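Coordinates from input-v8.cif are shown below (mmCIF, C-alpha atoms).
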```cif
data_final
loop_
_atom_site.label_atom_id
_atom_site.label_comp_id
_atom_site.auth_asym_id
_atom_site.auth_seq_id
_atom_site.Cartn_x
_atom_site.Cartn_y
_atom_site.Cartn_z
CA MET A 1 0.00 0.00 0.00
CA ILE A 2 2.96 2.35 0.45
CA LEU A 3 3.38 2.34 -3.31
CA PHE A 4 -0.32 3.19 -3.76
CA TYR A 5 -0.02 6.27 -1.54
CA LEU A 6 3.25 7.30 -3.22
CA VAL A 7 1.65 7.10 -6.68
CA LEU A 8 -1.55 8.83 -5.56
CA GLY A 9 0.52 11.58 -3.94
CA SER A 10 2.55 11.95 -7.13
CA VAL A 11 -0.57 12.34 -9.28
CA PHE A 12 -1.87 14.90 -6.77
CA GLY A 13 1.47 16.73 -6.74
CA PHE A 14 1.84 16.75 -10.53
CA THR A 15 -1.67 18.19 -10.83
CA LEU A 16 -1.08 20.88 -8.19
CA SER A 17 2.12 21.80 -10.03
CA ARG A 18 0.61 22.07 -13.52
CA SER A 19 -2.74 23.61 -12.63
CA GLY A 20 -1.25 26.68 -10.93
CA ALA A 21 -2.21 25.65 -7.39
CA ALA A 22 1.48 25.57 -6.44
CA ASP A 23 2.32 28.85 -8.20
CA TYR A 24 2.95 32.06 -6.24
CA ASN A 25 1.47 34.30 -8.95
CA PHE A 26 -1.74 32.31 -9.29
CA ILE A 27 -2.26 32.30 -5.51
CA GLN A 28 -1.82 36.09 -5.32
CA GLY A 29 -4.07 36.45 -8.37
CA MET A 30 -6.75 34.46 -6.56
CA PHE A 31 -6.55 36.64 -3.43
CA LEU A 32 -6.56 39.82 -5.57
CA PHE A 33 -9.61 38.53 -7.50
CA GLU A 34 -7.62 38.89 -10.71
CA GLU A 35 -7.30 35.20 -11.62
CA PHE A 36 -10.21 32.76 -11.74
CA GLN A 37 -7.92 29.70 -12.02
CA LEU A 38 -7.83 28.62 -8.33
CA TYR A 39 -11.53 29.27 -7.79
CA GLY A 40 -12.18 27.10 -10.83
CA ILE A 41 -9.93 24.30 -9.55
CA ILE A 42 -11.34 24.19 -6.02
CA GLY A 43 -14.91 24.73 -7.25
CA THR A 44 -14.65 21.91 -9.79
CA ALA A 45 -13.06 19.57 -7.24
CA VAL A 46 -15.84 20.20 -4.70
CA ALA A 47 -18.63 20.11 -7.32
CA LEU A 48 -17.45 16.68 -8.53
CA THR A 49 -16.50 15.24 -5.14
CA ALA A 50 -19.66 16.20 -3.23
CA PRO A 51 -22.19 14.10 -5.23
CA SER A 52 -19.70 11.23 -5.68
CA LEU A 53 -19.04 11.22 -1.95
CA TRP A 54 -22.77 11.14 -1.25
CA LEU A 55 -23.14 8.12 -3.54
CA LEU A 56 -20.08 6.40 -2.07
CA LYS A 57 -21.43 6.92 1.48
CA ARG A 58 -24.75 5.38 0.45
CA TYR A 59 -22.84 2.37 -0.92
CA GLY A 60 -20.93 2.48 2.37
CA ARG A 61 -18.01 0.21 1.52
CA SER A 62 -14.44 0.59 0.37
CA ILE A 63 -13.11 -1.42 -2.56
CA THR A 64 -12.16 -4.29 -0.21
CA GLY A 65 -15.67 -4.39 1.28
CA GLN A 66 -14.66 -2.68 4.53
CA PRO A 67 -17.17 -0.22 6.05
CA LEU A 68 -16.30 3.28 4.88
CA LYS A 69 -14.54 5.29 7.61
CA ILE A 70 -15.31 8.99 7.46
CA GLU A 71 -14.88 10.78 10.76
CA ASN A 72 -16.28 14.28 10.58
CA LYS A 73 -13.95 16.98 11.89
CA PRO A 74 -14.84 18.44 15.29
CA GLY A 75 -15.96 22.07 15.51
CA HIS A 76 -14.05 24.41 17.84
CA ARG A 77 -12.74 27.97 18.05
CA GLY A 78 -9.54 26.89 16.32
CA ASN A 79 -11.47 26.60 13.05
CA VAL A 80 -11.67 30.39 12.86
CA TYR A 81 -8.42 31.49 14.52
CA GLY A 82 -6.30 28.75 13.00
CA GLY A 83 -7.92 29.40 9.63
CA ILE A 84 -7.00 33.09 9.84
CA LEU A 85 -3.36 32.34 10.73
CA PHE A 86 -3.14 29.81 7.91
CA GLY A 87 -4.69 32.25 5.41
CA ILE A 88 -2.05 34.85 6.25
CA GLY A 89 0.67 32.21 5.81
CA TRP A 90 -0.84 31.04 2.51
CA SER A 91 -0.76 34.62 1.21
CA ILE A 92 2.80 35.27 2.41
CA THR A 93 4.31 32.12 0.92
CA GLY A 94 1.88 31.51 -1.95
CA MET A 95 1.73 27.92 -0.73
CA CYS A 96 -0.74 25.82 1.19
CA PRO A 97 0.49 22.54 2.74
CA GLY A 98 0.44 20.28 -0.35
CA PRO A 99 2.12 22.83 -2.63
CA ILE A 100 4.95 23.41 -0.12
CA LEU A 101 6.14 19.90 -0.94
CA VAL A 102 5.31 20.25 -4.64
CA ASN A 103 7.36 23.45 -4.84
CA ILE A 104 10.34 21.75 -3.21
CA GLY A 105 10.01 18.93 -5.76
CA GLU A 106 9.93 21.47 -8.60
CA GLY A 107 13.27 22.86 -7.43
CA LYS A 108 12.13 26.11 -5.77
CA VAL A 109 14.85 26.52 -3.15
CA TYR A 110 12.95 28.99 -0.93
CA ALA A 111 10.18 26.39 -0.43
CA LEU A 112 12.61 24.53 1.87
CA ALA A 113 12.40 27.50 4.25
CA ALA A 114 8.59 27.37 4.06
CA LEU A 115 8.71 23.67 4.99
CA ALA A 116 11.09 24.33 7.88
CA GLY A 117 8.76 27.04 9.18
CA THR A 118 5.72 24.82 8.78
CA LEU A 119 7.28 21.93 10.69
CA ALA A 120 8.38 24.34 13.43
CA GLY A 121 4.86 25.78 13.55
CA ALA A 122 3.24 22.36 13.76
CA GLY A 123 5.76 21.33 16.41
CA ALA A 124 5.03 24.45 18.46
CA PHE A 125 1.31 23.79 18.18
CA GLY A 126 1.76 20.26 19.49
CA ALA A 127 3.91 21.47 22.38
CA LEU A 128 1.36 24.15 23.32
CA TYR A 129 -1.73 21.95 22.87
CA PRO A 130 -2.39 21.50 26.60
CA ARG A 131 -2.38 25.28 27.04
CA LEU A 132 -4.38 26.05 23.89
CA ALA A 133 -7.07 23.43 24.52
CA LYS A 134 -9.09 25.48 27.00
CA PRO A 135 -9.17 28.94 25.35
CA PHE A 136 -9.87 27.46 21.90
CA ARG A 137 -12.18 24.72 23.26
CA LEU A 138 -10.21 22.03 21.45
CA PRO A 139 -11.06 18.33 21.78
CA PRO A 140 -8.97 16.19 24.18
CA LEU A 141 -5.31 15.81 23.21
CA GLN A 142 -5.77 12.19 22.21
CA VAL A 143 -8.33 13.25 19.61
CA GLY A 144 -6.71 16.39 18.24
CA THR A 145 -8.24 19.24 16.26
CA GLY A 146 -9.23 17.16 13.25
CA GLU A 147 -7.23 15.17 10.73
CA GLY A 148 -6.57 17.36 7.75
CA MET B 1 -0.66 33.87 -17.34
CA ASN B 2 2.00 31.15 -17.37
CA LEU B 3 3.48 29.23 -14.45
CA ILE B 4 6.72 30.37 -12.78
CA LEU B 5 8.00 26.81 -13.35
CA ASN B 6 9.70 26.83 -16.78
CA ASP B 7 7.12 29.35 -18.02
CA LEU B 8 4.72 26.47 -18.73
CA SER B 9 1.13 27.23 -19.67
CA PRO B 10 -1.22 25.89 -16.97
CA TRP B 11 -3.87 23.21 -17.42
CA HIS B 12 -7.45 24.30 -17.72
CA TRP B 13 -8.88 24.73 -14.20
CA ALA B 14 -11.58 22.12 -14.88
CA ALA B 15 -8.91 19.50 -15.62
CA GLY B 16 -7.05 20.34 -12.42
CA GLY B 17 -10.23 20.15 -10.34
CA ALA B 18 -11.29 16.88 -11.96
CA VAL B 19 -7.98 15.13 -11.19
CA ILE B 20 -8.00 16.42 -7.59
CA SER B 21 -11.53 15.06 -7.21
CA ALA B 22 -10.43 11.70 -8.65
CA VAL B 23 -7.49 11.60 -6.19
CA THR B 24 -9.83 12.40 -3.28
CA LEU B 25 -12.32 9.68 -4.23
CA THR B 26 -9.62 7.08 -4.96
CA LEU B 27 -8.01 7.75 -1.58
CA LEU B 28 -11.37 7.14 0.09
CA PHE B 29 -12.58 4.21 -1.97
CA VAL B 30 -9.28 2.30 -2.18
CA GLY B 31 -7.41 3.49 0.92
CA ASN B 32 -10.49 4.23 3.08
CA ARG B 33 -8.90 7.54 4.14
CA ARG B 34 -10.17 11.09 4.04
CA LEU B 35 -7.96 13.48 2.11
CA GLY B 36 -5.82 15.84 4.17
CA VAL B 37 -2.25 17.06 3.94
CA SER B 38 -1.57 19.24 6.98
CA THR B 39 -1.71 16.41 9.55
CA GLY B 40 1.22 14.96 7.62
CA PHE B 41 3.45 17.66 9.14
CA GLU B 42 2.56 16.30 12.57
CA ASN B 43 3.45 12.83 11.31
CA VAL B 44 6.87 14.18 10.32
CA CYS B 45 7.23 15.79 13.78
CA SER B 46 6.24 12.47 15.40
CA LEU B 47 9.39 10.90 13.98
CA VAL B 48 11.58 13.10 16.20
CA VAL B 49 9.42 14.70 18.93
CA GLN B 50 8.44 12.40 21.81
CA THR B 51 5.85 14.55 23.61
CA PRO B 52 2.34 13.17 24.38
CA TYR B 53 0.75 15.07 21.48
CA PHE B 54 3.06 13.53 18.91
CA THR B 55 3.11 10.02 20.34
CA ARG B 56 -0.69 9.61 20.53
CA ASP B 57 -1.99 6.58 18.64
CA ALA B 58 -4.48 8.61 16.55
CA LEU B 59 -1.49 10.32 14.93
CA ARG B 60 1.21 7.64 14.81
CA GLY B 61 -1.22 5.11 13.39
CA THR B 62 -1.44 7.24 10.24
CA ASN B 63 2.31 7.55 9.60
CA SER B 64 2.18 4.54 7.27
CA TRP B 65 -0.02 6.30 4.73
CA ARG B 66 0.45 10.04 5.30
CA LEU B 67 4.24 9.98 4.99
CA PRO B 68 4.19 8.20 1.59
CA LEU B 69 1.46 10.61 0.42
CA LEU B 70 3.70 13.55 1.36
CA GLY B 71 6.61 11.85 -0.40
CA GLY B 72 4.43 11.49 -3.47
CA LEU B 73 3.73 15.24 -3.51
CA LEU B 74 7.50 15.86 -3.67
CA ILE B 75 7.87 13.33 -6.50
CA GLY B 76 4.91 14.82 -8.38
CA GLY B 77 6.49 18.28 -8.33
CA PHE B 78 9.84 16.84 -9.38
CA LEU B 79 8.34 14.89 -12.32
CA SER B 80 6.37 17.95 -13.37
CA ALA B 81 9.63 19.88 -13.78
CA VAL B 82 11.54 16.98 -15.37
CA VAL B 83 9.00 16.34 -18.14
CA GLY B 84 8.12 20.04 -18.40
CA GLY B 85 11.35 21.59 -19.60
CA GLY B 86 13.85 20.20 -17.09
CA TRP B 87 14.64 20.29 -13.37
CA GLU B 88 17.12 22.60 -11.70
CA PRO B 89 17.15 24.44 -8.38
CA PHE B 90 15.86 28.01 -8.80
CA TRP B 91 14.78 31.07 -6.81
CA ASP B 92 12.26 32.81 -9.12
CA LEU B 93 9.22 34.09 -7.25
CA GLY B 94 7.19 35.92 -9.90
CA MET B 95 5.51 39.13 -8.75
CA PHE B 96 7.39 39.00 -5.43
CA ASP B 97 10.61 39.59 -7.43
CA ALA B 98 8.99 42.25 -9.58
CA GLU B 99 7.37 44.27 -6.80
CA ILE B 100 9.08 43.43 -3.49
CA GLY B 101 12.44 42.42 -4.87
CA TRP B 102 14.17 40.96 -1.82
CA GLY B 103 17.22 38.77 -2.41
CA ASN B 104 17.54 35.09 -1.58
CA GLY B 105 18.21 35.62 2.12
CA GLY B 106 15.13 37.81 2.44
CA LYS B 107 13.03 35.20 0.67
CA LEU B 108 14.17 32.50 3.09
CA ILE B 109 13.15 34.62 6.10
CA TRP B 110 9.82 35.57 4.44
CA MET B 111 9.05 31.93 3.65
CA PHE B 112 10.06 30.67 7.09
CA GLY B 113 7.80 33.22 8.75
CA GLY B 114 4.89 32.34 6.49
CA GLY B 115 5.56 28.66 7.10
CA LEU B 116 5.28 29.14 10.87
CA LEU B 117 1.78 30.54 10.37
CA ILE B 118 0.85 27.68 8.02
CA GLY B 119 2.06 24.97 10.39
CA PHE B 120 0.55 26.46 13.53
CA GLY B 121 -2.62 27.71 11.81
CA THR B 122 -3.56 24.57 9.90
CA ARG B 123 -3.11 22.42 12.98
CA LEU B 124 -5.13 24.80 15.15
CA ALA B 125 -7.84 24.86 12.47
CA GLY B 126 -7.77 21.07 12.12
CA GLY B 127 -7.13 21.09 8.40
CA CYS B 128 -6.06 23.00 5.32
CA THR B 129 -7.20 23.56 1.75
CA SER B 130 -7.46 19.82 1.10
CA GLY B 131 -8.91 18.54 4.37
CA HIS B 132 -11.32 21.41 5.00
CA GLY B 133 -11.59 23.05 1.57
CA ILE B 134 -11.95 19.97 -0.64
CA PHE B 135 -13.01 17.04 1.54
CA GLY B 136 -14.81 18.85 4.34
CA LEU B 137 -16.81 21.10 2.03
CA SER B 138 -17.69 18.15 -0.23
CA ASN B 139 -18.86 16.27 2.88
CA LEU B 140 -20.95 19.29 3.96
CA GLU B 141 -19.17 19.72 7.30
CA LEU B 142 -19.84 23.03 9.05
CA PRO B 143 -16.40 23.35 10.76
CA SER B 144 -14.84 23.03 7.31
CA LEU B 145 -16.99 25.81 5.91
CA VAL B 146 -16.03 28.02 8.87
CA SER B 147 -12.32 27.28 8.38
CA THR B 148 -12.42 27.72 4.60
CA VAL B 149 -14.15 31.10 4.84
CA SER B 150 -11.61 32.12 7.52
CA PHE B 151 -8.48 31.23 5.57
CA MET B 152 -9.80 32.59 2.27
CA ALA B 153 -10.77 35.89 3.91
CA ALA B 154 -7.41 36.17 5.69
CA GLY B 155 -5.59 35.48 2.43
CA VAL B 156 -7.58 38.13 0.56
CA VAL B 157 -6.89 40.72 3.27
CA THR B 158 -3.17 39.89 3.52
CA THR B 159 -2.44 39.89 -0.22
CA ASN B 160 -4.40 43.10 -0.72
CA LEU B 161 -2.51 44.72 2.17
CA ILE B 162 0.82 43.68 0.67
CA TYR B 163 0.25 44.39 -3.03
CA ARG B 164 -2.40 47.12 -3.06
CA LEU B 165 -1.86 49.08 0.14
CA ILE B 166 1.83 48.83 1.03
CA LEU B 167 3.23 48.61 -2.51
#
```

Let me see the file written as structure tokens.
Amino acid sequence: MILFYLVLGSVFGFTLSRSGAADYNFIQGMFLFEEFQLYGIIGTAVALTAPSLWLLKRYGRSITGQPLKIENKPGHRGNVYGGILFGIGWSITGMCPGPILVNIGEGKVYALAALAGTLAGAGAFGALYPRLAKPFRLPPLQVGTGEG
Amino acid sequence: MNLILNDLSPWHWAAGGAVISAVTLTLLFVGNRRLGVSTGFENVCSLVVQTPYFTRDALRGTNSWRLPLLGGLLIGGFLSAVVGGGWEPFWDLGMFDAEIGWGNGGKLIWMFGGGLLIGFGTRLAGGCTSGHGIFGLSNLELPSLVSTVSFMAAGVVTTNLIYRLIL
């Protein structure tokens, strides 16, 4: 299965690279409302996934016949505040999490600094979780904020 | 507008969205996993950090699929360059070069700072563009709508501050 995830990730990465989703100019163009490209990509992805997901949930099984596991993400104050921090970071770097790795793969040297910052940020979040849990009403540490 | 990478012309947005949807559905139907990238950074942290948050089973149990998925993203970007005009390390940053114009050292600091916000923010929000924006919205989850509106709004404000107000 490792090979399956590697290949799937590669297809995902190649697509992010060629569609403009991992391109600094297209990200700024999206936030400036000058480029439709990213709205088209995300809109198409959601418009196609939503009905397919509904059908797949009705079928209720994976390809091997296992019950489908879809845990909904918990709601908490971090959804808003974390979202805002991430949005600022996305604008600054022109990268969201997937494209950070795609940009490194493409050869963009500065993306290594974005990855270092991201790992440090995620590490800091994990270290501070016990202190953040109460003000942001996060789920228990064992559960986390939501797999994403 | 062309891509910064080798000045390639981008795919049509509908093609990009269709493949991303196919990846999302394949991951669920074959792997029985919901799409999400940002937790993968915690999986990377879990390889070296031994605190309770990073050693919890709910996280470590997903190392076996999230780490290869992250590796695949690197490979996908690499292949994109190789078959699209050639791979070489480069520093081009499009309109950042044209309008802000910092050198390589400045870019590294800028990117590290932005990365801190991405790492901390996505984990506080419980997801990113893929987990909340693609999967969560498609699954009609309210927390995902809240997060997606929050990060899109923050991105719009930040980019407009940088390129329309300050510059």

For segment 51-140 of chain A versus segment 99-108 of chain B, which residues have an atom no more than 9 Å away, and what is each residue's nearest atom pair and distance in Å rounded to one decimal, using only C-alpha atoms, chain-then-number order, as a Markdown table?
```
| residue | atom | partner | partner_atom | distance |
| --- | --- | --- | --- | --- |
| A:Val109 | CA | B:Leu108 | CA | 8.7 |
| A:Tyr110 | CA | B:Leu108 | CA | 5.5 |
| A:Ala111 | CA | B:Leu108 | CA | 8.1 |
| A:Leu112 | CA | B:Leu108 | CA | 8.2 |
| A:Ala113 | CA | B:Leu108 | CA | 5.4 |
| A:Ala114 | CA | B:Leu108 | CA | 7.6 |
```

Open item on the list: Would you pick out the contacts of segment 23-25 of chain B at 8 Å or less, using all atoms listed in the file, so that residues sharing its chain but fewer than 3 positions from it are not included, and give the list as a ChimeraX atom specification?
Closed with: /A:8,11-12,49,52-53 /B:19-20,28-29,34-35,135

Writing out the chosen residues with C-alpha atoms as a tab-separated table (two decimals), in the coordinates of the input:
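Saved file out-v1.tsv follows:
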```tsv
chain	number	residue	atom	x	y	z
A	8	LEU	CA	-1.55	8.83	-5.56
A	11	VAL	CA	-0.57	12.34	-9.28
A	12	PHE	CA	-1.87	14.90	-6.77
A	49	THR	CA	-16.50	15.24	-5.14
A	52	SER	CA	-19.70	11.23	-5.68
A	53	LEU	CA	-19.04	11.22	-1.95
B	19	VAL	CA	-7.98	15.13	-11.19
B	20	ILE	CA	-8.00	16.42	-7.59
B	28	LEU	CA	-11.37	7.14	0.09
B	29	PHE	CA	-12.58	4.21	-1.97
B	34	ARG	CA	-10.17	11.09	4.04
B	35	LEU	CA	-7.96	13.48	2.11
B	135	PHE	CA	-13.01	17.04	1.54
```

Open item on the list: Under the rule that only C-alpha atoms are counted, which of A:Phe26, A:Ala122, A:Tyr39, A:Tyr59 is the nearest residue to chain B?
Closed with: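 Of the candidates, the smallest distance to chain B is held by A:Ala122.
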
Could you give me the axis-aligned bounding box of segment 125-131 of chain A, with 8 Å of padding per side, as centre plus edge lengths in Å to one decimal, as lines of an AutoDock Vina configuration file?
```
center_x = 0.8
center_y = 22.8
center_z = 22.6
size_x = 22.3
size_y = 21.0
size_z = 24.9
```

TODO: Excluding Gly86 of chain B and any residue of its chain fewer than 4 positions from it, enumerate the residues within 8 Å of it, using all atoms listed in the file, and give them as number ranges by chain.
DONE: B: 6, 81-82

As a compact mmCIF listing (two decimals), in the coordinates of the input, could you write out segment 28-64 of chain A once it has been completed with N, CA and C atoms?
```
# COMPACT_ATOMS: atom_id res chain seq x y z
N GLN A 28 -1.58 34.66 -5.54
CA GLN A 28 -1.82 36.09 -5.32
C GLN A 28 -2.96 36.58 -6.22
N GLY A 29 -3.00 36.07 -7.45
CA GLY A 29 -4.07 36.45 -8.37
C GLY A 29 -5.45 36.05 -7.86
N MET A 30 -5.49 34.90 -7.17
CA MET A 30 -6.75 34.46 -6.56
C MET A 30 -7.17 35.45 -5.47
N PHE A 31 -6.22 35.77 -4.56
CA PHE A 31 -6.55 36.64 -3.43
C PHE A 31 -6.82 38.08 -3.87
N LEU A 32 -6.30 38.47 -5.05
CA LEU A 32 -6.56 39.82 -5.57
C LEU A 32 -7.82 39.84 -6.45
N PHE A 33 -8.45 38.70 -6.60
CA PHE A 33 -9.61 38.53 -7.50
C PHE A 33 -9.27 38.90 -8.95
N GLU A 34 -8.03 38.60 -9.33
CA GLU A 34 -7.62 38.89 -10.71
C GLU A 34 -7.54 37.63 -11.56
N GLU A 35 -7.43 36.47 -10.90
CA GLU A 35 -7.30 35.20 -11.62
C GLU A 35 -8.38 34.25 -11.15
N PHE A 36 -9.13 33.69 -12.08
CA PHE A 36 -10.21 32.76 -11.74
C PHE A 36 -9.69 31.35 -11.48
N GLN A 37 -8.47 31.06 -12.00
CA GLN A 37 -7.92 29.70 -12.02
C GLN A 37 -8.15 28.88 -10.74
N LEU A 38 -7.73 29.40 -9.58
CA LEU A 38 -7.83 28.62 -8.33
C LEU A 38 -9.26 28.43 -7.88
N TYR A 39 -10.11 29.45 -8.13
CA TYR A 39 -11.53 29.27 -7.79
C TYR A 39 -12.13 28.17 -8.66
N GLY A 40 -11.71 28.13 -9.92
CA GLY A 40 -12.18 27.10 -10.83
C GLY A 40 -11.73 25.71 -10.40
N ILE A 41 -10.47 25.60 -9.98
CA ILE A 41 -9.93 24.30 -9.55
C ILE A 41 -10.66 23.79 -8.32
N ILE A 42 -10.73 24.63 -7.28
CA ILE A 42 -11.34 24.19 -6.02
C ILE A 42 -12.84 23.97 -6.22
N GLY A 43 -13.48 24.87 -6.99
CA GLY A 43 -14.91 24.73 -7.25
C GLY A 43 -15.24 23.44 -8.00
N THR A 44 -14.44 23.15 -9.03
CA THR A 44 -14.65 21.91 -9.79
C THR A 44 -14.44 20.69 -8.89
N ALA A 45 -13.37 20.72 -8.11
CA ALA A 45 -13.06 19.57 -7.24
C ALA A 45 -14.22 19.31 -6.27
N VAL A 46 -14.75 20.38 -5.66
CA VAL A 46 -15.84 20.20 -4.70
C VAL A 46 -17.13 19.78 -5.43
N ALA A 47 -17.40 20.41 -6.59
CA ALA A 47 -18.63 20.11 -7.32
C ALA A 47 -18.67 18.65 -7.80
N LEU A 48 -17.50 18.09 -8.10
CA LEU A 48 -17.45 16.68 -8.53
C LEU A 48 -17.39 15.73 -7.35
N THR A 49 -16.69 16.15 -6.28
CA THR A 49 -16.50 15.24 -5.14
C THR A 49 -17.78 15.12 -4.31
N ALA A 50 -18.50 16.22 -4.13
CA ALA A 50 -19.66 16.20 -3.23
C ALA A 50 -20.71 15.15 -3.64
N PRO A 51 -21.19 15.13 -4.88
CA PRO A 51 -22.19 14.10 -5.23
C PRO A 51 -21.60 12.69 -5.24
N SER A 52 -20.33 12.55 -5.67
CA SER A 52 -19.70 11.23 -5.68
C SER A 52 -19.56 10.69 -4.26
N LEU A 53 -19.20 11.60 -3.35
CA LEU A 53 -19.04 11.22 -1.95
C LEU A 53 -20.38 10.77 -1.36
N TRP A 54 -21.42 11.48 -1.72
CA TRP A 54 -22.77 11.14 -1.25
C TRP A 54 -23.14 9.73 -1.72
N LEU A 55 -22.85 9.45 -2.98
CA LEU A 55 -23.14 8.12 -3.54
C LEU A 55 -22.30 7.04 -2.86
N LEU A 56 -21.00 7.36 -2.67
CA LEU A 56 -20.08 6.40 -2.07
C LEU A 56 -20.49 6.10 -0.62
N LYS A 57 -20.98 7.13 0.09
CA LYS A 57 -21.43 6.92 1.48
C LYS A 57 -22.70 6.06 1.51
N ARG A 58 -23.54 6.22 0.51
CA ARG A 58 -24.75 5.38 0.45
C ARG A 58 -24.36 3.93 0.21
N TYR A 59 -23.36 3.72 -0.66
CA TYR A 59 -22.84 2.37 -0.92
C TYR A 59 -22.17 1.86 0.36
N GLY A 60 -21.42 2.75 1.02
CA GLY A 60 -20.93 2.48 2.37
C GLY A 60 -19.74 1.55 2.52
N ARG A 61 -19.13 1.17 1.42
CA ARG A 61 -18.01 0.21 1.52
C ARG A 61 -16.82 0.71 0.71
N SER A 62 -15.63 0.33 1.17
CA SER A 62 -14.44 0.59 0.37
C SER A 62 -14.31 -0.53 -0.66
N ILE A 63 -13.28 -0.45 -1.47
CA ILE A 63 -13.11 -1.42 -2.56
C ILE A 63 -12.92 -2.84 -2.02
N THR A 64 -12.37 -2.96 -0.79
CA THR A 64 -12.16 -4.29 -0.21
C THR A 64 -13.37 -4.77 0.58
```
